[in-house]
file model-v1.pdb (PDB, C-alpha atoms)
ATOM      1  CA  MET A   1     -16.204 170.977 112.461
ATOM      2  CA  ARG A   2     -18.567 170.899 109.541
ATOM      3  CA  PHE A   3     -19.407 174.557 110.058
ATOM      4  CA  ALA A   4     -15.737 175.558 110.154
ATOM      5  CA  LEU A   5     -15.096 173.860 106.808
ATOM      6  CA  ASP A   6     -18.108 175.565 105.256
ATOM      7  CA  ALA A   7     -17.020 178.933 106.611
ATOM      8  CA  LEU A   8     -13.508 178.454 105.225
ATOM      9  CA  THR A   9     -14.939 177.439 101.866
ATOM     10  CA  ILE A  10     -17.237 180.449 101.717
ATOM     11  CA  PHE A  11     -14.380 182.771 102.620
ATOM     12  CA  ALA A  12     -11.909 181.300 100.092
ATOM     13  CA  VAL A  13     -14.395 181.058  97.223
ATOM     14  CA  ALA A  14     -15.557 184.615  97.882
ATOM     15  CA  ALA A  15     -11.936 185.821  97.800
ATOM     16  CA  GLY A  16     -11.388 183.899  94.558
ATOM     17  CA  ALA A  17     -14.475 185.441  93.004
ATOM     18  CA  PHE A  18     -13.268 188.869  94.115
ATOM     19  CA  PHE A  19      -9.972 188.352  92.298
ATOM     20  CA  PHE A  20     -11.866 187.324  89.192
ATOM     21  CA  LEU A  21     -13.767 190.596  89.485
ATOM     22  CA  ALA A  22     -10.567 192.571  89.995
ATOM     23  CA  GLY A  23      -8.857 190.836  87.080
ATOM     24  CA  THR A  24     -11.773 191.358  84.718
ATOM     25  CA  VAL A  25     -12.199 195.007  85.652
ATOM     26  CA  GLY A  26      -8.450 195.437  85.223
ATOM     27  CA  LEU A  27      -8.610 193.719  81.837
ATOM     28  CA  LEU A  28     -11.274 196.171  80.717
ATOM     29  CA  ARG A  29     -10.039 199.388  82.258
ATOM     30  CA  PHE A  30      -6.250 199.332  82.040
ATOM     31  CA  PRO A  31      -4.864 201.507  79.231
ATOM     32  CA  ASP A  32      -1.920 199.408  78.156
ATOM     33  CA  ALA A  33      -1.637 195.830  76.890
ATOM     34  CA  LEU A  34       1.130 194.940  79.333
ATOM     35  CA  SER A  35      -0.817 196.251  82.330
ATOM     36  CA  ARG A  36      -3.799 194.213  81.149
ATOM     37  CA  VAL A  37      -1.640 191.093  81.195
ATOM     38  CA  HIS A  38      -0.797 191.964  84.795
ATOM     39  CA  ALA A  39      -4.493 192.182  85.667
ATOM     40  CA  LEU A  40      -5.243 188.984  83.751
ATOM     41  CA  THR A  41      -2.726 186.927  85.682
ATOM     42  CA  LYS A  42      -4.264 188.059  88.961
ATOM     43  CA  ALA A  43      -7.623 186.729  87.868
ATOM     44  CA  ASP A  44      -6.011 183.558  86.553
ATOM     45  CA  ASN A  45      -3.753 182.461  89.354
ATOM     46  CA  LEU A  46      -5.335 183.952  92.442
ATOM     47  CA  GLY A  47      -8.952 183.615  91.364
ATOM     48  CA  LEU A  48      -8.734 180.000  90.328
ATOM     49  CA  GLY A  49      -6.273 179.160  93.118
ATOM     50  CA  LEU A  50      -8.487 180.474  95.892
ATOM     51  CA  ILE A  51     -11.553 178.825  94.432
ATOM     52  CA  VAL A  52      -9.746 175.490  94.299
ATOM     53  CA  VAL A  53      -8.523 175.925  97.878
ATOM     54  CA  GLY A  54     -12.084 176.717  98.916
ATOM     55  CA  LEU A  55     -13.350 173.592  97.190
ATOM     56  CA  LEU A  56     -10.662 171.419  98.727
ATOM     57  CA  PHE A  57     -12.427 171.790 102.069
ATOM     58  CA  GLN A  58     -15.549 170.274 100.584
ATOM     59  CA  THR A  59     -14.104 167.245  98.839
ATOM     60  CA  GLU A  60     -14.610 163.896 100.562
ATOM     61  CA  GLY A  61     -11.914 161.679  99.126
ATOM     62  CA  LEU A  62      -8.178 162.350  98.828
ATOM     63  CA  LEU A  63      -8.332 161.477  95.130
ATOM     64  CA  ALA A  64     -10.918 164.179  94.431
ATOM     65  CA  GLY A  65      -8.768 166.730  96.218
ATOM     66  CA  LEU A  66      -5.681 165.666  94.291
ATOM     67  CA  LYS A  67      -7.606 166.006  91.030
ATOM     68  CA  LEU A  68      -8.622 169.543  91.967
ATOM     69  CA  VAL A  69      -5.008 170.407  92.726
ATOM     70  CA  ALA A  70      -3.998 168.834  89.405
ATOM     71  CA  VAL A  71      -6.448 171.107  87.565
ATOM     72  CA  TRP A  72      -5.040 174.082  89.406
ATOM     73  CA  LEU A  73      -1.413 173.179  88.674
ATOM     74  CA  LEU A  74      -2.191 172.680  84.996
ATOM     75  CA  ALA A  75      -3.957 176.032  84.795
ATOM     76  CA  LEU A  76      -1.045 177.633  86.665
ATOM     77  CA  LEU A  77       1.499 176.162  84.249
ATOM     78  CA  ALA A  78      -0.554 177.057  81.184
ATOM     79  CA  GLY A  79      -1.255 180.554  82.479
ATOM     80  CA  ALA A  80       2.401 181.276  83.197
ATOM     81  CA  ALA A  81       3.525 180.097  79.765
ATOM     82  CA  VAL A  82       0.778 181.943  77.910
ATOM     83  CA  THR A  83       1.341 185.146  79.833
ATOM     84  CA  GLN A  84       5.017 185.154  78.865
ATOM     85  CA  LEU A  85       4.023 184.712  75.212
ATOM     86  CA  ILE A  86       1.439 187.485  75.428
ATOM     87  CA  ALA A  87       3.953 189.841  77.025
ATOM     88  CA  ARG A  88       6.455 189.064  74.286
ATOM     89  CA  ILE A  89       3.949 189.991  71.568
ATOM     90  CA  ALA A  90       2.778 193.085  73.462
ATOM     91  CA  GLN A  91       6.376 194.183  73.907
ATOM     92  CA  ALA A  92       7.164 193.477  70.240
ATOM     93  CA  GLY A  93       4.320 195.802  69.285
ATOM     94  CA  GLY A  94       6.323 198.858  70.191
ATOM     95  CA  PRO A  95       9.448 198.995  72.329
ATOM     96  CA  ARG A  96       8.705 201.691  74.830
ATOM     97  CA  VAL A  97      12.156 201.553  76.343
TER      98      VAL A  97
ATOM     99  CA  MET B   1     -23.683 175.883 101.040
ATOM    100  CA  ALA B   2     -24.683 174.572  97.628
ATOM    101  CA  ASP B   3     -26.500 177.788  96.786
ATOM    102  CA  PHE B   4     -23.398 179.778  97.630
ATOM    103  CA  LEU B   5     -21.288 177.656  95.250
ATOM    104  CA  LEU B   6     -23.907 178.073  92.533
ATOM    105  CA  GLY B   7     -23.911 181.808  93.085
ATOM    106  CA  ALA B   8     -20.122 181.934  92.962
ATOM    107  CA  ALA B   9     -20.102 179.928  89.711
ATOM    108  CA  GLY B  10     -22.650 182.306  88.206
ATOM    109  CA  PHE B  11     -20.625 185.282  89.344
ATOM    110  CA  VAL B  12     -17.372 183.922  87.865
ATOM    111  CA  LEU B  13     -19.057 183.160  84.544
ATOM    112  CA  ALA B  14     -20.591 186.648  84.529
ATOM    113  CA  MET B  15     -17.090 188.069  85.025
ATOM    114  CA  VAL B  16     -15.820 186.000  82.119
ATOM    115  CA  ALA B  17     -18.667 187.266  79.948
ATOM    116  CA  LEU B  18     -17.725 190.801  80.949
ATOM    117  CA  GLY B  19     -14.129 190.068  80.081
ATOM    118  CA  LEU B  20     -15.155 188.937  76.595
ATOM    119  CA  VAL B  21     -16.144 192.544  75.897
ATOM    120  CA  ARG B  22     -12.412 193.091  75.593
ATOM    121  CA  THR B  23     -12.506 190.688  72.649
ATOM    122  CA  LEU B  24     -14.912 193.030  70.854
ATOM    123  CA  HIS B  25     -13.118 196.259  71.579
ATOM    124  CA  GLY B  26      -9.619 194.873  71.906
ATOM    125  CA  PRO B  27      -7.432 197.103  69.737
ATOM    126  CA  SER B  28      -4.830 194.392  69.198
ATOM    127  CA  THR B  29      -4.815 190.609  68.898
ATOM    128  CA  VAL B  30      -3.039 190.473  72.257
ATOM    129  CA  ASP B  31      -6.210 191.623  74.007
ATOM    130  CA  ARG B  32      -8.229 188.957  72.242
ATOM    131  CA  ILE B  33      -5.763 186.302  73.334
ATOM    132  CA  MET B  34      -6.081 187.575  76.891
ATOM    133  CA  ALA B  35      -9.854 187.392  76.776
ATOM    134  CA  ALA B  36      -9.627 183.813  75.460
ATOM    135  CA  GLN B  37      -7.261 182.944  78.294
ATOM    136  CA  LEU B  38      -9.617 184.461  80.845
ATOM    137  CA  LEU B  39     -12.491 182.514  79.311
ATOM    138  CA  GLY B  40     -10.530 179.275  79.741
ATOM    139  CA  THR B  41      -9.629 179.957  83.345
ATOM    140  CA  GLY B  42     -13.038 181.330  84.296
ATOM    141  CA  GLY B  43     -14.729 178.397  82.623
ATOM    142  CA  THR B  44     -12.541 176.002  84.563
ATOM    143  CA  ALA B  45     -13.345 177.731  87.842
ATOM    144  CA  GLY B  46     -17.042 177.752  87.078
ATOM    145  CA  LEU B  47     -16.968 174.082  86.155
ATOM    146  CA  LEU B  48     -15.167 173.166  89.354
ATOM    147  CA  LEU B  49     -17.728 175.045  91.408
ATOM    148  CA  LEU B  50     -20.595 173.351  89.583
ATOM    149  CA  ALA B  51     -18.935 169.961  89.938
ATOM    150  CA  GLN B  52     -18.824 170.382  93.699
ATOM    151  CA  GLU B  53     -22.294 171.872  93.907
ATOM    152  CA  MET B  54     -24.019 169.121  91.898
ATOM    153  CA  ASN B  55     -21.818 166.317  93.280
ATOM    154  CA  LEU B  56     -20.689 165.476  89.754
ATOM    155  CA  PRO B  57     -17.081 164.262  89.787
ATOM    156  CA  ALA B  58     -17.123 163.941  85.985
ATOM    157  CA  ALA B  59     -17.290 167.743  85.695
ATOM    158  CA  VAL B  60     -13.862 167.984  87.348
ATOM    159  CA  ASP B  61     -12.440 165.991  84.450
ATOM    160  CA  VAL B  62     -14.199 168.345  82.038
ATOM    161  CA  ALA B  63     -12.560 171.274  83.838
ATOM    162  CA  LEU B  64      -9.176 169.558  83.531
ATOM    163  CA  ILE B  65      -9.620 169.169  79.781
ATOM    164  CA  LEU B  66     -10.909 172.727  79.407
ATOM    165  CA  ALA B  67      -7.842 174.066  81.224
ATOM    166  CA  LEU B  68      -5.609 172.060  78.879
ATOM    167  CA  LEU B  69      -7.396 173.132  75.703
ATOM    168  CA  ALA B  70      -7.499 176.779  76.780
ATOM    169  CA  ALA B  71      -3.709 176.733  76.865
ATOM    170  CA  PHE B  72      -3.623 175.385  73.309
ATOM    171  CA  VAL B  73      -6.079 178.037  72.126
ATOM    172  CA  SER B  74      -3.893 180.797  73.510
ATOM    173  CA  ILE B  75      -0.742 179.278  72.032
ATOM    174  CA  ALA B  76      -2.429 178.881  68.635
ATOM    175  CA  LEU B  77      -3.585 182.504  68.686
ATOM    176  CA  PHE B  78      -0.112 183.572  69.741
ATOM    177  CA  THR B  79       1.528 181.623  66.905
ATOM    178  CA  ASP B  80      -0.853 183.205  64.433
ATOM    179  CA  ALA B  81      -0.135 186.690  65.826
ATOM    180  CA  ALA B  82       3.629 186.062  65.782
ATOM    181  CA  GLN B  83       3.334 184.882  62.173
ATOM    182  CA  SER B  84       1.490 187.999  61.066
ATOM    183  CA  ASP B  85       4.017 190.192  62.926
ATOM    184  CA  ALA B  86       6.874 188.412  61.195
ATOM    185  CA  ASN B  87       5.293 188.926  57.757
ATOM    186  CA  ARG B  88       4.558 192.563  58.473
ATOM    187  CA  GLY B  89       7.818 193.266  60.356
TER     188      GLY B  89
END
call {"tool": "encode", "arguments": {"input": "model-v1.pdb", "output": "C-alpha coordinates"}}
result
Amino acid sequence: MRFALDALTIFAVAAGAFFFLAGTVGLLRFPDALSRVHALTKADNLGLGLIVVGLLFQTEGLLAGLKLVAVWLLALLAGAAVTQLIARIAQAGGPRV
Amino acid sequence: MADFLLGAAGFVLAMVALGLVRTLHGPSTVDRIMAAQLLGTGGTAGLLLLAQEMNLPAAVDVALILALLAAFVSIALFTDAAQSDANRG
(Lines of atoms letter the chains of each structure in order from A and count residues from 1; the text may use other names and numbers.)
(Lines give C-alpha, C1' and ligand atoms only; values in the text may rest on other atoms or scores of the structure.)
Protein backbone atom coordinates (compact mmCIF):
# COMPACT_ATOMS: atom_id res chain seq x y z
CA MET A 1 0.00 0.00 0.00
CA ARG A 2 2.80 2.32 0.96
CA PHE A 3 4.47 1.76 -2.39
CA ALA A 4 1.27 2.52 -4.31
CA LEU A 5 0.89 5.86 -2.52
CA ASP A 6 4.50 6.77 -3.24
CA ALA A 7 4.12 5.81 -6.89
CA LEU A 8 0.97 7.92 -7.20
CA THR A 9 2.72 10.84 -5.54
CA ILE A 10 5.73 10.59 -7.83
CA PHE A 11 3.49 10.43 -10.88
CA ALA A 12 1.28 13.38 -9.86
CA VAL A 13 4.14 15.62 -8.72
CA ALA A 14 6.06 14.85 -11.90
CA ALA A 15 3.00 15.78 -13.99
CA GLY A 16 2.62 18.99 -11.97
CA ALA A 17 6.26 19.87 -12.51
CA PHE A 18 5.83 19.18 -16.23
CA PHE A 19 2.96 21.66 -16.41
CA PHE A 20 5.10 24.23 -14.64
CA LEU A 21 7.72 23.65 -17.32
CA ALA A 22 5.14 23.93 -20.09
CA GLY A 23 3.65 27.09 -18.59
CA THR A 24 7.02 28.76 -18.12
CA VAL A 25 8.22 27.89 -21.60
CA GLY A 26 4.90 29.15 -22.94
CA LEU A 27 5.27 32.36 -20.93
CA LEU A 28 8.67 32.95 -22.49
CA ARG A 29 8.07 31.84 -26.05
CA PHE A 30 4.53 32.89 -26.95
CA PRO A 31 4.39 36.01 -29.14
CA ASP A 32 1.27 37.63 -27.77
CA ALA A 33 0.29 38.80 -24.29
CA LEU A 34 -3.05 37.00 -24.37
CA SER A 35 -1.47 33.69 -25.42
CA ARG A 36 1.02 34.11 -22.58
CA VAL A 37 -1.87 34.43 -20.14
CA HIS A 38 -3.16 31.14 -21.53
CA ALA A 39 0.20 29.48 -20.87
CA LEU A 40 0.43 31.06 -17.42
CA THR A 41 -2.89 29.66 -16.28
CA LYS A 42 -1.81 26.17 -17.28
CA ALA A 43 1.21 26.44 -15.03
CA ASP A 44 -0.90 27.96 -12.27
CA ASN A 45 -3.89 25.69 -12.06
CA LEU A 46 -2.62 22.39 -13.38
CA GLY A 47 0.91 22.63 -12.03
CA LEU A 48 -0.07 23.55 -8.51
CA GLY A 49 -3.18 21.35 -8.60
CA LEU A 50 -1.31 18.20 -9.55
CA ILE A 51 1.43 18.89 -7.04
CA VAL A 52 -1.15 19.29 -4.29
CA VAL A 53 -2.91 16.09 -5.36
CA GLY A 54 0.44 14.32 -5.30
CA LEU A 55 1.13 15.61 -1.81
CA LEU A 56 -2.30 14.63 -0.55
CA PHE A 57 -1.22 10.99 -0.77
CA GLN A 58 1.61 11.69 1.63
CA THR A 59 -0.22 13.60 4.34
CA GLU A 60 -1.00 11.69 7.52
CA GLY A 61 -3.85 13.61 9.10
CA LEU A 62 -7.12 14.75 7.52
CA LEU A 63 -6.46 18.28 8.75
CA ALA A 64 -3.15 18.49 6.88
CA GLY A 65 -4.84 17.32 3.71
CA LEU A 66 -7.65 19.84 4.12
CA LYS A 67 -5.08 22.61 4.59
CA LEU A 68 -3.35 21.60 1.36
CA VAL A 69 -6.67 21.69 -0.47
CA ALA A 70 -7.37 25.09 1.10
CA VAL A 71 -4.08 26.43 -0.28
CA TRP A 72 -4.97 25.05 -3.68
CA LEU A 73 -8.48 26.54 -3.68
CA LEU A 74 -7.13 29.93 -2.65
CA ALA A 75 -4.52 29.86 -5.40
CA LEU A 76 -7.20 28.74 -7.86
CA LEU A 77 -9.50 31.60 -6.88
CA ALA A 78 -6.71 34.17 -6.92
CA GLY A 79 -5.36 32.88 -10.22
CA ALA A 80 -8.75 33.01 -11.93
CA ALA A 81 -9.43 36.56 -10.76
CA VAL A 82 -5.96 37.83 -11.65
CA THR A 83 -6.01 36.20 -15.06
CA GLN A 84 -9.27 37.96 -15.92
CA LEU A 85 -7.71 41.28 -14.89
CA ILE A 86 -4.57 40.60 -16.92
CA ALA A 87 -6.62 39.68 -19.98
CA ARG A 88 -8.63 42.88 -19.62
CA ILE A 89 -5.47 45.01 -19.61
CA ALA A 90 -3.91 43.02 -22.46
CA GLN A 91 -7.09 43.42 -24.48
CA ALA A 92 -7.27 47.14 -23.66
CA GLY A 93 -3.77 47.53 -25.07
CA GLY A 94 -5.01 47.20 -28.61
CA PRO A 95 -8.35 45.81 -29.75
CA ARG A 96 -7.42 43.31 -32.39
CA VAL A 97 -11.02 42.59 -33.29
CA MET B 1 10.69 9.65 -1.71
CA ALA B 2 11.97 12.71 0.13
CA ASP B 3 14.72 13.25 -2.42
CA PHE B 4 12.18 13.18 -5.21
CA LEU B 5 10.10 15.89 -3.49
CA LEU B 6 13.23 17.98 -2.96
CA GLY B 7 14.13 17.57 -6.60
CA ALA B 8 10.63 18.54 -7.68
CA ALA B 9 10.73 21.64 -5.45
CA GLY B 10 14.08 22.63 -6.94
CA PHE B 11 12.75 22.07 -10.43
CA VAL B 12 9.62 24.18 -9.82
CA LEU B 13 11.67 27.02 -8.34
CA ALA B 14 14.07 26.82 -11.30
CA MET B 15 11.06 27.17 -13.61
CA VAL B 16 9.90 30.20 -11.68
CA ALA B 17 13.36 31.74 -11.96
CA LEU B 18 13.23 31.10 -15.69
CA GLY B 19 9.82 32.71 -15.83
CA LEU B 20 11.19 35.84 -14.15
CA VAL B 21 13.24 36.43 -17.30
CA ARG B 22 9.94 37.58 -18.76
CA THR B 23 9.98 40.34 -16.14
CA LEU B 24 13.24 41.64 -17.61
CA HIS B 25 12.29 41.45 -21.24
CA GLY B 26 8.55 41.85 -20.84
CA PRO B 27 7.54 44.53 -23.34
CA SER B 28 4.47 45.53 -21.35
CA THR B 29 3.49 45.69 -17.69
CA VAL B 30 1.10 42.81 -18.34
CA ASP B 31 4.03 40.44 -18.79
CA ARG B 32 5.57 41.62 -15.54
CA ILE B 33 2.30 41.00 -13.73
CA MET B 34 2.23 37.51 -15.20
CA ALA B 35 5.75 36.78 -14.05
CA ALA B 36 4.83 37.98 -10.54
CA GLN B 37 1.79 35.71 -10.58
CA LEU B 38 3.90 32.76 -11.67
CA LEU B 39 6.39 33.55 -8.92
CA GLY B 40 3.57 33.45 -6.35
CA THR B 41 2.18 30.16 -7.58
CA GLY B 42 5.57 28.53 -8.11
CA GLY B 43 6.70 29.68 -4.69
CA THR B 44 3.60 28.18 -3.14
CA ALA B 45 4.15 24.87 -4.90
CA GLY B 46 7.79 24.80 -3.90
CA LEU B 47 6.91 25.58 -0.30
CA LEU B 48 4.32 22.83 -0.19
CA LEU B 49 6.82 20.33 -1.53
CA LEU B 50 9.43 21.41 1.01
CA ALA B 51 6.87 21.31 3.81
CA GLN B 52 6.12 17.68 3.02
CA GLU B 53 9.75 16.77 2.46
CA MET B 54 11.03 18.24 5.74
CA ASN B 55 7.92 17.28 7.74
CA LEU B 56 7.34 20.94 8.59
CA PRO B 57 3.61 21.66 8.83
CA ALA B 58 4.34 25.34 9.51
CA ALA B 59 5.59 25.73 5.92
CA VAL B 60 2.09 24.88 4.65
CA ASP B 61 0.80 27.95 6.47
CA VAL B 62 3.59 30.00 4.89
CA ALA B 63 2.48 28.71 1.48
CA LEU B 64 -1.11 29.70 2.29
CA ILE B 65 -0.04 33.24 3.13
CA LEU B 66 2.22 33.45 0.08
CA ALA B 67 -0.67 32.41 -2.17
CA LEU B 68 -2.84 35.11 -0.59
CA LEU B 69 -0.22 37.85 -0.86
CA ALA B 70 0.65 36.91 -4.45
CA ALA B 71 -2.95 37.67 -5.39
CA PHE B 72 -2.67 41.10 -3.78
CA VAL B 73 0.60 41.81 -5.58
CA SER B 74 -0.99 41.04 -8.93
CA ILE B 75 -4.06 43.13 -8.14
CA ALA B 76 -1.89 46.05 -7.00
CA LEU B 77 0.17 45.87 -10.19
CA PHE B 78 -3.02 45.65 -12.22
CA THR B 79 -4.52 48.71 -10.50
CA ASP B 80 -1.35 50.65 -11.17
CA ALA B 81 -1.36 49.58 -14.84
CA ALA B 82 -5.06 50.43 -15.20
CA GLN B 83 -4.37 53.84 -13.65
CA SER B 84 -1.56 54.62 -16.06
CA ASP B 85 -3.72 53.45 -19.00
CA ALA B 86 -6.54 55.71 -17.86
CA ASN B 87 -4.21 58.72 -17.62
CA ARG B 88 -2.68 58.00 -21.00
CA GLY B 89 -5.94 56.91 -22.69
call {"tool": "resolve_selection", "arguments": {"input": "model-v1.pdb", "expression": "the ChimeraX specification (/B :<8) & /A", "output": "PyMOL selection string"}}
result
chain A and resi 6+10+13-14+17+20-21+24-25+27-28+33+36-37+40+43-44+48+51-52+55+58-59+64+67-68+70-71+74-75+78-79+82+85-86+89-90
call {"tool": "write_last_selection", "arguments": {"input": "model-v1.pdb", "atoms": "C-alpha atoms", "output": "tab-separated table (two decimals), keeping the file's coordinate frame"}}
result
chain	number	residue	atom	x	y	z
A	6	ASP	CA	-18.11	175.56	105.26
A	10	ILE	CA	-17.24	180.45	101.72
A	13	VAL	CA	-14.40	181.06	97.22
A	14	ALA	CA	-15.56	184.62	97.88
A	17	ALA	CA	-14.48	185.44	93.00
A	20	PHE	CA	-11.87	187.32	89.19
A	21	LEU	CA	-13.77	190.60	89.48
A	24	THR	CA	-11.77	191.36	84.72
A	25	VAL	CA	-12.20	195.01	85.65
A	27	LEU	CA	-8.61	193.72	81.84
A	28	LEU	CA	-11.27	196.17	80.72
A	33	ALA	CA	-1.64	195.83	76.89
A	36	ARG	CA	-3.80	194.21	81.15
A	37	VAL	CA	-1.64	191.09	81.19
A	40	LEU	CA	-5.24	188.98	83.75
A	43	ALA	CA	-7.62	186.73	87.87
A	44	ASP	CA	-6.01	183.56	86.55
A	48	LEU	CA	-8.73	180.00	90.33
A	51	ILE	CA	-11.55	178.82	94.43
A	52	VAL	CA	-9.75	175.49	94.30
A	55	LEU	CA	-13.35	173.59	97.19
A	58	GLN	CA	-15.55	170.27	100.58
A	59	THR	CA	-14.10	167.24	98.84
A	64	ALA	CA	-10.92	164.18	94.43
A	67	LYS	CA	-7.61	166.01	91.03
A	68	LEU	CA	-8.62	169.54	91.97
A	70	ALA	CA	-4.00	168.83	89.40
A	71	VAL	CA	-6.45	171.11	87.56
A	74	LEU	CA	-2.19	172.68	85.00
A	75	ALA	CA	-3.96	176.03	84.80
A	78	ALA	CA	-0.55	177.06	81.18
A	79	GLY	CA	-1.25	180.55	82.48
A	82	VAL	CA	0.78	181.94	77.91
A	85	LEU	CA	4.02	184.71	75.21
A	86	ILE	CA	1.44	187.48	75.43
A	89	ILE	CA	3.95	189.99	71.57
A	90	ALA	CA	2.78	193.08	73.46
call {"tool": "closest_residue", "arguments": {"input": "model-v1.pdb", "among": "A:Gly61, A:Ser35, A:Val69, A:Met1", "to": "A:Gly49", "atoms": "all atoms listed in the file"}}
result
A:Val69
call {"tool": "axis_aligned_box", "arguments": {"input": "model-v1.pdb", "around": "stretch 48-61 of chain B", "padding_each_side": "8 Å", "output": "AutoDock Vina command-line options"}}
result
--center_x -18.2 --center_y 169.5 --center_z 89.2 --size_x 27.6 --size_y 27.1 --size_z 25.5
call {"tool": "atom_distance", "arguments": {"input": "model-v1.pdb", "atom1": "atom CA of A:Thr41", "atom2": "atom CA of A:Ala15"}}
result
15.3 Å
call {"tool": "atom_distance", "arguments": {"input": "model-v1.pdb", "atom1": "atom CA of B:Gln83", "atom2": "atom CA of A:Gly23"}}
result
28.4 Å
call {"tool": "atom_distance", "arguments": {"input": "model-v1.pdb", "atom1": "atom CA of A:Phe3", "atom2": "atom CA of A:Gly16"}}
result
19.8 Å
call {"tool": "closest_residue", "arguments": {"input": "model-v1.pdb", "among": "A:Ala22, A:Leu34, A:Leu66, A:Val53", "to": "A:Thr9", "atoms": "all atoms listed in the file"}}
result
A:Val53
